[in-house]
Amino acid sequence: MPKPKTNLILNSKPQSQITLSEYITAIAWSANSKYLAAATASGEIILIDEAKAGNDIAQKQTELQAPTEISVDCLGFSADGRWLAAGGQDGKVRVWDLGGDQPAIASTIDLGKTWIEHLVWHPTRSEFAFGLGKYLQVWSAETLDIVTTLHFEQSTVLAIAWHPNGEYLSVGGDGGIKVWAAQDWYEDPILFEMPTAAAKMVWNPSGEYLVASTLDNLVVVMQWLGKDFDASPWRMQGFPGKIRYFDWTASKTSPLLASSSGSDVVVWEKHADLNVGWEGEVIKGHNNIVGFVAFKPKTETLASADENGRIAIWKDAKDWVQALETPMGEITALQWQPQGKKLAAANADGQLMLWTESSQGKGFR
C-alpha cells in the first residue's frame, strides 16, 4: 500500500453528512454547482441547495419525492441548472422546474412498465435522452414534448452519451455503438460494430475520443474525426473483471483516461508513437472492488472509491495523497462538484457525505 503525502487535497472528515431511507442509487451536481440531488432504491429523491448559507446540508435539503418502495436509478440536471429529471423502476420520468422560489414538478412522463436506467442531458440545451427498451427518446424540458424516438434495434439500450458539442448522440448495446446526428435524426446513424454489447461509454471533454467497454471486458478507445470514427481504434484487454467506471481529464501533453476493474485503478495516456497506442499504469490503493473513479474537473487529481467504503485521493493521477474517512459501507456514487471545491459520495446504507477542499491542497492542480 502506498504511503500518503503530507499535503491534503480535501479535509479528512466530511463537512456534513445526512442519512436517507435506503441504498443511494445516484447523485448529481448541477453544472453551476448550486444544487446536489440524490436518489435511493426506495424511490426517495432529495435536492440540496448549496447556494443557501451555512454548512449543514440537512438544513438545505428539500424532499422532492418521498419513499415509494420503487427504485429511482438515474437523475440529472439540465445544462443551465433549471431542470432536474429522474427515472427508475416504475417506468416514469419525472421533471422538476427549479426556476421558481420552490422546486415544482413540471411533468411526469408515463412510459408503461419499462425500467428507466439511463438518462442523460444535452450539454447545452434543455433536452434529455433516456433508454426505453430497444428504443431511445429525446425530450424537451421546455415544451415537455418528444424531440425524437430512435430505434437501436439490436438490443436493449445499455449506454447513452452526448458528444460534448451536442451535435451527436451515441448509443450502445448489443453489436456495438450507433451515433446519430442531432441536426437530422432521420439520417442513418454511424455504426461502430463490436463483438459483444457495449456496456459503458464516455466521451473525453474535447470530444476527440470515445471510450467504450464490452461485456467481455474489452476496452476500445475510438478517435472521432468530426463525422465518423477513425478506422483503427485502440483495444485494451487483460482486465481482472468487468469495467465498472471510466473518467477522462487532460494532461499537459495528452488526454488521460482512468478505469476501474476489480481492485485495480488504471490510468491510461496516449503515447506519442501511434504504434504503441495507449499505455496504462496500475495505481494501487484498494483491496476491494473499485466501483468509481472521478477526476477533479480540469485537473489530474483523481478520486477512487471501493465497496468497503474506502475513498482514495491521488495527485497527478498516480501519487496517493490521502484516504477519506467514511463508514464501512459500499460506495454507490461519487462525484466532484463542477467547481472542484467539494466531493460528494454516497453509500449502500443511505449516507450522503460531502468533503470540502483543504487549504493545504490548493496548490494541487
# chains A, B, ... in the order shown; residues from 1 in each chain; ligands from 1
>>> select_by_dssp(residues="stretch 79-214 of chain A", states="strand (DSSP E)", output="PyMOL selection string")
chain A and resi 83-88+92-97+104-110+119-121+127-132+135-140+145-151+159-162+168-173+176-181+190-193+198-203+209-214
>>> residues_around(residues="stretch 239-244 of chain A", least_positions_apart="5", cutoff="12 Å", atoms="only C-alpha atoms", output="VMD selection string")
chain A and resid 198 to 201 211 to 220 258 to 266 280 282 289 to 293 304 to 307 332 to 333
>>> residues_around(residues="stretch 19-33 of chain A", least_positions_apart="4", cutoff="6 Å", atoms="only C-alpha atoms", output="PyMOL selection string")
chain A and resi 37-42+73-74+76-77+81+333+338+348-351
>>> write_last_selection(atoms="C-alpha atoms", output="PDB file, in the first residue's frame")
ATOM      1  CA  ALA A  37     -29.502  15.800  -5.866  1.00  0.00           C
ATOM      2  CA  ALA A  38     -29.665  12.220  -4.584  1.00  0.00           C
ATOM      3  CA  ALA A  39     -31.984   9.281  -5.229  1.00  0.00           C
ATOM      4  CA  THR A  40     -32.470   5.971  -3.433  1.00  0.00           C
ATOM      5  CA  ALA A  41     -33.554   2.382  -4.019  1.00  0.00           C
ATOM      6  CA  SER A  42     -36.738   3.173  -2.073  1.00  0.00           C
ATOM      7  CA  ASP A  73     -31.922   4.731 -10.699  1.00  0.00           C
ATOM      8  CA  CYS A  74     -30.911   7.781 -12.735  1.00  0.00           C
ATOM      9  CA  GLY A  76     -29.502  14.631 -13.769  1.00  0.00           C
ATOM     10  CA  PHE A  77     -29.701  18.394 -14.270  1.00  0.00           C
ATOM     11  CA  GLY A  81     -29.462  24.033 -13.824  1.00  0.00           C
ATOM     12  CA  ALA A 333     -21.968   7.084  -6.088  1.00  0.00           C
ATOM     13  CA  PRO A 338     -18.142  21.080 -11.089  1.00  0.00           C
ATOM     14  CA  ALA A 348     -25.309   1.464   0.425  1.00  0.00           C
ATOM     15  CA  ASP A 349     -26.512   2.447   3.912  1.00  0.00           C
ATOM     16  CA  GLY A 350     -28.140   5.624   2.596  1.00  0.00           C
ATOM     17  CA  GLN A 351     -25.452   8.014   3.808  1.00  0.00           C
TER      18      GLN A 351
END
>>> closest_residue(among="A:Glu279, A:Lys270, A:Ile311, A:Asp316", to="A:Met353", atoms="only C-alpha atoms")
A:Ile311
